[in-house]
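Here is work05.cif, consisting of mmCIF, N, CA and C atoms:
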```cif
data_upload
loop_
_atom_site.label_atom_id
_atom_site.label_comp_id
_atom_site.auth_asym_id
_atom_site.auth_seq_id
_atom_site.Cartn_x
_atom_site.Cartn_y
_atom_site.Cartn_z
N MET A 1 267.41 149.87 227.23
CA MET A 1 266.30 150.05 228.14
C MET A 1 266.74 150.63 229.47
N SER A 2 267.99 150.35 229.86
CA SER A 2 268.45 150.82 231.16
C SER A 2 268.65 152.34 231.16
N THR A 3 269.00 152.93 230.01
CA THR A 3 269.17 154.38 229.99
C THR A 3 267.84 155.09 230.19
N TYR A 4 266.75 154.50 229.70
CA TYR A 4 265.45 155.11 229.89
C TYR A 4 265.02 155.04 231.35
N THR A 5 265.33 153.95 232.02
CA THR A 5 264.94 153.85 233.42
C THR A 5 265.74 154.83 234.27
N LYS A 6 267.00 155.07 233.91
CA LYS A 6 267.78 156.06 234.65
C LYS A 6 267.19 157.46 234.47
N ASN A 7 266.76 157.78 233.25
CA ASN A 7 266.18 159.09 233.00
C ASN A 7 264.85 159.25 233.71
N LEU A 8 264.11 158.17 233.89
CA LEU A 8 262.82 158.28 234.56
C LEU A 8 262.99 158.55 236.05
N THR A 9 264.10 158.13 236.65
CA THR A 9 264.29 158.37 238.08
C THR A 9 264.85 159.75 238.35
N MET A 10 265.33 160.46 237.34
CA MET A 10 265.88 161.80 237.53
C MET A 10 264.74 162.81 237.71
N THR A 11 265.05 163.87 238.40
CA THR A 11 264.08 164.95 238.49
C THR A 11 264.13 165.76 237.20
N ALA A 12 263.16 166.62 236.98
CA ALA A 12 263.05 167.34 235.72
C ALA A 12 264.25 168.24 235.42
N PRO A 13 264.77 169.04 236.36
CA PRO A 13 265.92 169.87 236.03
C PRO A 13 267.17 169.05 235.70
N GLU A 14 267.35 167.93 236.40
CA GLU A 14 268.51 167.08 236.12
C GLU A 14 268.40 166.46 234.75
N ALA A 15 267.19 166.04 234.36
CA ALA A 15 267.00 165.46 233.04
C ALA A 15 267.23 166.50 231.95
N ALA A 16 266.77 167.73 232.17
CA ALA A 16 266.98 168.79 231.19
C ALA A 16 268.46 169.13 231.07
N LEU A 17 269.17 169.15 232.20
CA LEU A 17 270.60 169.43 232.17
C LEU A 17 271.36 168.32 231.46
N ALA A 18 270.97 167.08 231.68
CA ALA A 18 271.62 165.96 231.01
C ALA A 18 271.38 166.03 229.50
N ALA A 19 270.16 166.39 229.09
CA ALA A 19 269.87 166.51 227.66
C ALA A 19 270.65 167.67 227.05
N LEU A 20 270.80 168.76 227.80
CA LEU A 20 271.56 169.91 227.32
C LEU A 20 273.03 169.55 227.16
N GLU A 21 273.59 168.82 228.12
CA GLU A 21 274.98 168.40 228.02
C GLU A 21 275.18 167.46 226.84
N HIS A 22 274.24 166.57 226.61
CA HIS A 22 274.33 165.66 225.48
C HIS A 22 274.27 166.43 224.16
N ALA A 23 273.38 167.44 224.07
CA ALA A 23 273.28 168.25 222.85
C ALA A 23 274.55 169.06 222.64
N ALA A 24 275.13 169.57 223.72
CA ALA A 24 276.37 170.33 223.59
C ALA A 24 277.51 169.45 223.10
N GLU A 25 277.61 168.23 223.61
CA GLU A 25 278.64 167.30 223.14
C GLU A 25 278.44 166.97 221.67
N LYS A 26 277.19 166.77 221.26
CA LYS A 26 276.88 166.48 219.86
C LYS A 26 277.28 167.65 218.96
N PHE A 27 276.98 168.88 219.42
CA PHE A 27 277.33 170.07 218.65
C PHE A 27 278.84 170.23 218.55
N ASN A 28 279.54 169.98 219.65
CA ASN A 28 281.00 170.11 219.63
C ASN A 28 281.64 169.11 218.68
N THR A 29 281.15 167.88 218.66
CA THR A 29 281.72 166.89 217.74
C THR A 29 281.37 167.23 216.29
N ALA A 30 280.20 167.83 216.06
CA ALA A 30 279.82 168.19 214.69
C ALA A 30 280.63 169.36 214.18
N THR A 31 280.96 170.30 215.04
CA THR A 31 281.69 171.49 214.59
C THR A 31 283.20 171.35 214.75
N GLU A 32 283.65 170.22 215.19
CA GLU A 32 285.08 170.00 215.41
C GLU A 32 285.86 170.04 214.10
N HIS A 33 285.26 169.58 213.05
CA HIS A 33 285.96 169.46 211.78
C HIS A 33 285.68 170.63 210.84
N VAL A 34 285.02 171.66 211.31
CA VAL A 34 284.72 172.83 210.48
C VAL A 34 285.98 173.70 210.41
N THR A 35 286.27 174.17 209.23
CA THR A 35 287.49 174.97 209.06
C THR A 35 287.28 176.38 209.60
N LEU A 36 288.35 177.11 209.75
CA LEU A 36 288.30 178.48 210.24
C LEU A 36 287.56 179.37 209.26
N ALA A 37 287.72 179.13 207.97
CA ALA A 37 287.05 179.93 206.96
C ALA A 37 285.53 179.75 207.05
N THR A 38 285.11 178.52 207.26
CA THR A 38 283.68 178.25 207.38
C THR A 38 283.10 178.93 208.62
N LYS A 39 283.84 178.86 209.73
CA LYS A 39 283.39 179.53 210.95
C LYS A 39 283.29 181.04 210.74
N THR A 40 284.24 181.62 210.01
CA THR A 40 284.22 183.05 209.75
C THR A 40 283.02 183.43 208.89
N VAL A 41 282.73 182.64 207.87
CA VAL A 41 281.59 182.92 207.01
C VAL A 41 280.29 182.82 207.80
N VAL A 42 280.18 181.80 208.64
CA VAL A 42 278.97 181.65 209.45
C VAL A 42 278.82 182.83 210.41
N MET A 43 279.90 183.28 211.03
CA MET A 43 279.83 184.43 211.93
C MET A 43 279.50 185.71 211.17
N LEU A 44 280.04 185.89 209.97
CA LEU A 44 279.73 187.08 209.18
C LEU A 44 278.27 187.11 208.76
N ALA A 45 277.68 185.95 208.53
CA ALA A 45 276.27 185.90 208.15
C ALA A 45 275.36 185.97 209.38
N GLY A 46 275.80 185.38 210.48
CA GLY A 46 274.95 185.29 211.66
C GLY A 46 274.95 186.53 212.53
N ALA A 47 276.07 187.24 212.58
CA ALA A 47 276.17 188.40 213.47
C ALA A 47 275.18 189.50 213.10
N PRO A 48 275.06 189.88 211.82
CA PRO A 48 274.05 190.91 211.51
C PRO A 48 272.62 190.45 211.79
N LEU A 49 272.35 189.19 211.57
CA LEU A 49 271.01 188.68 211.85
C LEU A 49 270.72 188.70 213.35
N LEU A 50 271.72 188.36 214.14
CA LEU A 50 271.55 188.42 215.59
C LEU A 50 271.37 189.86 216.05
N GLY A 51 272.14 190.78 215.48
CA GLY A 51 271.97 192.20 215.80
C GLY A 51 270.60 192.70 215.41
N LEU A 52 270.11 192.31 214.24
CA LEU A 52 268.78 192.71 213.79
C LEU A 52 267.71 192.19 214.72
N MET A 53 267.90 190.96 215.20
CA MET A 53 266.93 190.39 216.14
C MET A 53 266.88 191.22 217.42
N PHE A 54 268.03 191.63 217.92
CA PHE A 54 268.05 192.45 219.13
C PHE A 54 267.44 193.83 218.88
N VAL A 55 267.71 194.42 217.72
CA VAL A 55 267.15 195.75 217.41
C VAL A 55 265.64 195.68 217.30
N LEU A 56 265.12 194.61 216.71
CA LEU A 56 263.67 194.47 216.59
C LEU A 56 263.01 194.14 217.93
N ALA A 57 263.72 193.43 218.79
CA ALA A 57 263.14 193.04 220.07
C ALA A 57 263.23 194.15 221.12
N LEU A 58 264.14 195.10 220.94
CA LEU A 58 264.36 196.12 221.96
C LEU A 58 263.12 196.97 222.27
N PRO A 59 262.36 197.48 221.29
CA PRO A 59 261.16 198.26 221.63
C PRO A 59 260.11 197.44 222.38
N VAL A 60 259.94 196.20 221.98
CA VAL A 60 258.95 195.35 222.65
C VAL A 60 259.36 195.10 224.09
N ILE A 61 260.63 194.81 224.29
CA ILE A 61 261.13 194.56 225.65
C ILE A 61 261.04 195.83 226.49
N SER A 62 261.35 196.98 225.89
CA SER A 62 261.29 198.25 226.62
C SER A 62 259.86 198.57 227.06
N ILE A 63 258.90 198.39 226.18
CA ILE A 63 257.49 198.65 226.53
C ILE A 63 257.02 197.69 227.61
N ALA A 64 257.41 196.43 227.49
CA ALA A 64 257.01 195.45 228.49
C ALA A 64 257.60 195.79 229.86
N LEU A 65 258.86 196.18 229.89
CA LEU A 65 259.48 196.55 231.17
C LEU A 65 258.86 197.82 231.75
N ALA A 66 258.57 198.79 230.89
CA ALA A 66 257.93 200.02 231.37
C ALA A 66 256.55 199.72 231.96
N ALA A 67 255.78 198.86 231.30
CA ALA A 67 254.46 198.49 231.81
C ALA A 67 254.59 197.73 233.13
N TYR A 68 255.56 196.84 233.22
CA TYR A 68 255.75 196.05 234.44
C TYR A 68 256.11 196.95 235.62
N TYR A 69 257.09 197.83 235.42
CA TYR A 69 257.51 198.69 236.53
C TYR A 69 256.45 199.74 236.87
N SER A 70 255.67 200.19 235.88
CA SER A 70 254.57 201.12 236.17
C SER A 70 253.51 200.44 237.02
N ALA A 71 253.16 199.22 236.66
CA ALA A 71 252.16 198.48 237.44
C ALA A 71 252.67 198.22 238.85
N LYS A 72 253.95 197.91 238.97
CA LYS A 72 254.54 197.67 240.29
C LYS A 72 254.52 198.95 241.13
N LEU A 73 254.82 200.08 240.51
CA LEU A 73 254.79 201.36 241.21
C LEU A 73 253.38 201.74 241.63
N LEU A 74 252.41 201.53 240.73
CA LEU A 74 251.01 201.82 241.08
C LEU A 74 250.54 200.95 242.24
N ALA A 75 250.91 199.69 242.22
CA ALA A 75 250.47 198.80 243.30
C ALA A 75 251.08 199.18 244.63
N ALA A 76 252.32 199.65 244.60
CA ALA A 76 253.00 199.99 245.86
C ALA A 76 252.50 201.30 246.45
N ASN A 77 252.14 202.27 245.60
CA ASN A 77 251.77 203.61 246.08
C ASN A 77 250.36 203.99 245.68
N TRP A 78 249.43 203.07 245.78
CA TRP A 78 248.08 203.31 245.27
C TRP A 78 247.37 204.45 246.00
N ALA A 79 247.47 204.51 247.32
CA ALA A 79 246.74 205.53 248.09
C ALA A 79 247.25 206.93 247.76
N THR A 80 248.55 207.09 247.69
CA THR A 80 249.14 208.40 247.39
C THR A 80 248.77 208.84 245.98
N ILE A 81 248.84 207.93 245.05
CA ILE A 81 248.52 208.26 243.66
C ILE A 81 247.05 208.62 243.52
N ALA A 82 246.18 207.88 244.21
CA ALA A 82 244.74 208.18 244.14
C ALA A 82 244.45 209.57 244.71
N LYS A 83 245.15 209.95 245.78
CA LYS A 83 244.96 211.28 246.36
C LYS A 83 245.38 212.37 245.37
N HIS A 84 246.51 212.17 244.71
CA HIS A 84 246.97 213.17 243.75
C HIS A 84 246.05 213.25 242.53
N VAL A 85 245.55 212.11 242.08
CA VAL A 85 244.63 212.11 240.93
C VAL A 85 243.35 212.84 241.30
N LYS A 86 242.86 212.64 242.52
CA LYS A 86 241.66 213.35 242.98
C LYS A 86 241.89 214.86 243.01
N ASN A 87 243.04 215.28 243.51
CA ASN A 87 243.34 216.71 243.57
C ASN A 87 243.47 217.33 242.18
N VAL A 88 244.11 216.63 241.26
CA VAL A 88 244.25 217.16 239.90
C VAL A 88 242.89 217.22 239.21
N THR A 89 242.06 216.21 239.42
CA THR A 89 240.72 216.21 238.83
C THR A 89 239.89 217.38 239.36
N LEU A 90 239.95 217.61 240.66
CA LEU A 90 239.21 218.74 241.22
C LEU A 90 239.77 220.08 240.72
N PHE A 91 241.07 220.16 240.52
CA PHE A 91 241.67 221.38 239.99
C PHE A 91 241.13 221.70 238.61
N PHE A 92 241.03 220.68 237.75
CA PHE A 92 240.54 220.92 236.39
C PHE A 92 239.02 221.07 236.34
N ALA A 93 238.30 220.52 237.32
CA ALA A 93 236.84 220.62 237.33
C ALA A 93 236.35 221.91 237.99
N SER A 94 237.18 222.57 238.78
CA SER A 94 236.73 223.73 239.54
C SER A 94 236.22 224.89 238.68
N PRO A 95 236.77 225.22 237.53
CA PRO A 95 236.16 226.29 236.74
C PRO A 95 234.73 225.97 236.29
N PHE A 96 234.50 224.71 235.96
CA PHE A 96 233.16 224.32 235.52
C PHE A 96 232.17 224.31 236.68
N ILE A 97 232.66 223.94 237.87
CA ILE A 97 231.80 224.00 239.05
C ILE A 97 231.45 225.46 239.36
N GLY A 98 232.44 226.35 239.26
CA GLY A 98 232.18 227.78 239.47
C GLY A 98 231.21 228.34 238.46
N LEU A 99 231.34 227.93 237.20
CA LEU A 99 230.41 228.38 236.16
C LEU A 99 228.99 227.90 236.46
N ALA A 100 228.85 226.69 236.95
CA ALA A 100 227.52 226.18 237.31
C ALA A 100 226.91 227.00 238.45
N TYR A 101 227.74 227.37 239.43
CA TYR A 101 227.24 228.22 240.51
C TYR A 101 226.83 229.60 239.99
N ILE A 102 227.63 230.17 239.11
CA ILE A 102 227.31 231.50 238.56
C ILE A 102 225.99 231.47 237.80
N ILE A 103 225.73 230.39 237.09
CA ILE A 103 224.49 230.28 236.32
C ILE A 103 223.31 229.95 237.24
N ALA A 104 223.50 229.09 238.22
CA ALA A 104 222.39 228.59 239.02
C ALA A 104 221.99 229.52 240.17
N LEU A 105 222.93 230.22 240.77
CA LEU A 105 222.59 230.99 241.97
C LEU A 105 221.64 232.16 241.74
N PRO A 106 221.68 232.88 240.64
CA PRO A 106 220.65 233.90 240.44
C PRO A 106 219.24 233.31 240.38
N VAL A 107 219.11 232.16 239.75
CA VAL A 107 217.81 231.50 239.67
C VAL A 107 217.37 231.04 241.05
N VAL A 108 218.29 230.50 241.83
CA VAL A 108 217.98 230.06 243.19
C VAL A 108 217.61 231.28 244.05
N GLY A 109 218.34 232.38 243.87
CA GLY A 109 218.05 233.60 244.62
C GLY A 109 216.67 234.14 244.30
N LEU A 110 216.30 234.16 243.01
CA LEU A 110 214.96 234.62 242.63
C LEU A 110 213.89 233.69 243.18
N GLY A 111 214.14 232.42 243.16
CA GLY A 111 213.18 231.46 243.73
C GLY A 111 213.01 231.67 245.22
N THR A 112 214.10 231.90 245.93
CA THR A 112 214.03 232.15 247.37
C THR A 112 213.28 233.45 247.65
N LEU A 113 213.56 234.49 246.86
CA LEU A 113 212.87 235.77 247.02
C LEU A 113 211.37 235.62 246.78
N ALA A 114 211.02 234.85 245.74
CA ALA A 114 209.61 234.62 245.46
C ALA A 114 208.94 233.83 246.59
N TYR A 115 209.61 232.84 247.12
CA TYR A 115 209.06 232.04 248.21
C TYR A 115 208.83 232.89 249.45
N LEU A 116 209.86 233.66 249.81
CA LEU A 116 209.72 234.50 251.00
C LEU A 116 208.67 235.59 250.79
N GLY A 117 208.56 236.11 249.57
CA GLY A 117 207.52 237.12 249.27
C GLY A 117 206.13 236.51 249.39
N MET A 118 205.93 235.30 248.88
CA MET A 118 204.62 234.64 248.98
C MET A 118 204.29 234.31 250.44
N LYS A 119 205.31 233.92 251.20
CA LYS A 119 205.09 233.61 252.60
C LYS A 119 204.70 234.87 253.39
N ALA A 120 205.34 236.00 253.08
CA ALA A 120 205.00 237.26 253.77
C ALA A 120 203.63 237.76 253.33
N ALA A 121 203.25 237.53 252.09
CA ALA A 121 201.95 238.00 251.61
C ALA A 121 200.81 237.20 252.24
N ARG A 122 201.03 235.98 252.60
CA ARG A 122 199.98 235.14 253.20
C ARG A 122 199.71 235.58 254.65
N LYS A 123 200.61 236.19 255.32
CA LYS A 123 200.41 236.56 256.73
C LYS A 123 199.56 237.74 256.87
#
```
Could you express the structure from this file as structure tokens?
Amino acid sequence: MSTYTKNLTMTAPEAALAALEHAAEKFNTATEHVTLATKTVVMLAGAPLLGLMFVLALPVISIALAAYYSAKLLAANWATIAKHVKNVTLFFASPFIGLAYIIALPVVGLGTLAYLGMKAARK
């Protein structure tokens, strides 16, 4: 019962460290009597699996890091990026705006001519 009361008075990191040290001691005593051949076989089986785990995790980690640093860059330079996006959008929209003017201005010109002609005819 006294060991439980000692653990209750510890803070969380100290308790986790104590549990980790206890697990490491348990692992060391369990593997103390393993022969060199057994250790070699375990390493030969475990190393490719560990490598495969890293190969499979690398794309996920890379995408997550790219997204994190992109978001960080956007947050730091938002005003500059917004200005450049506005300029690029206007650059790509300008031919369509010009086309709208080319189509609309003759109609507007004819309407203005008709209005001014009707106004002069009334006088």
Query raised in the report: Please, what distance in Å, to one decimal, runs between atom CA of A:Ala71 and atom CA of A:Val85?
Result: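 Going from atom CA of A:Ala71 over to atom CA of A:Val85 covers 16.0 Å.
The two atoms in question, atom C of A:Ala104 and atom C of A:Val88, are spaced 24.3 Å apart.
If you look at atom CA of A:His33 and atom C of A:Glu21, they are 18.6 Å away from each other.
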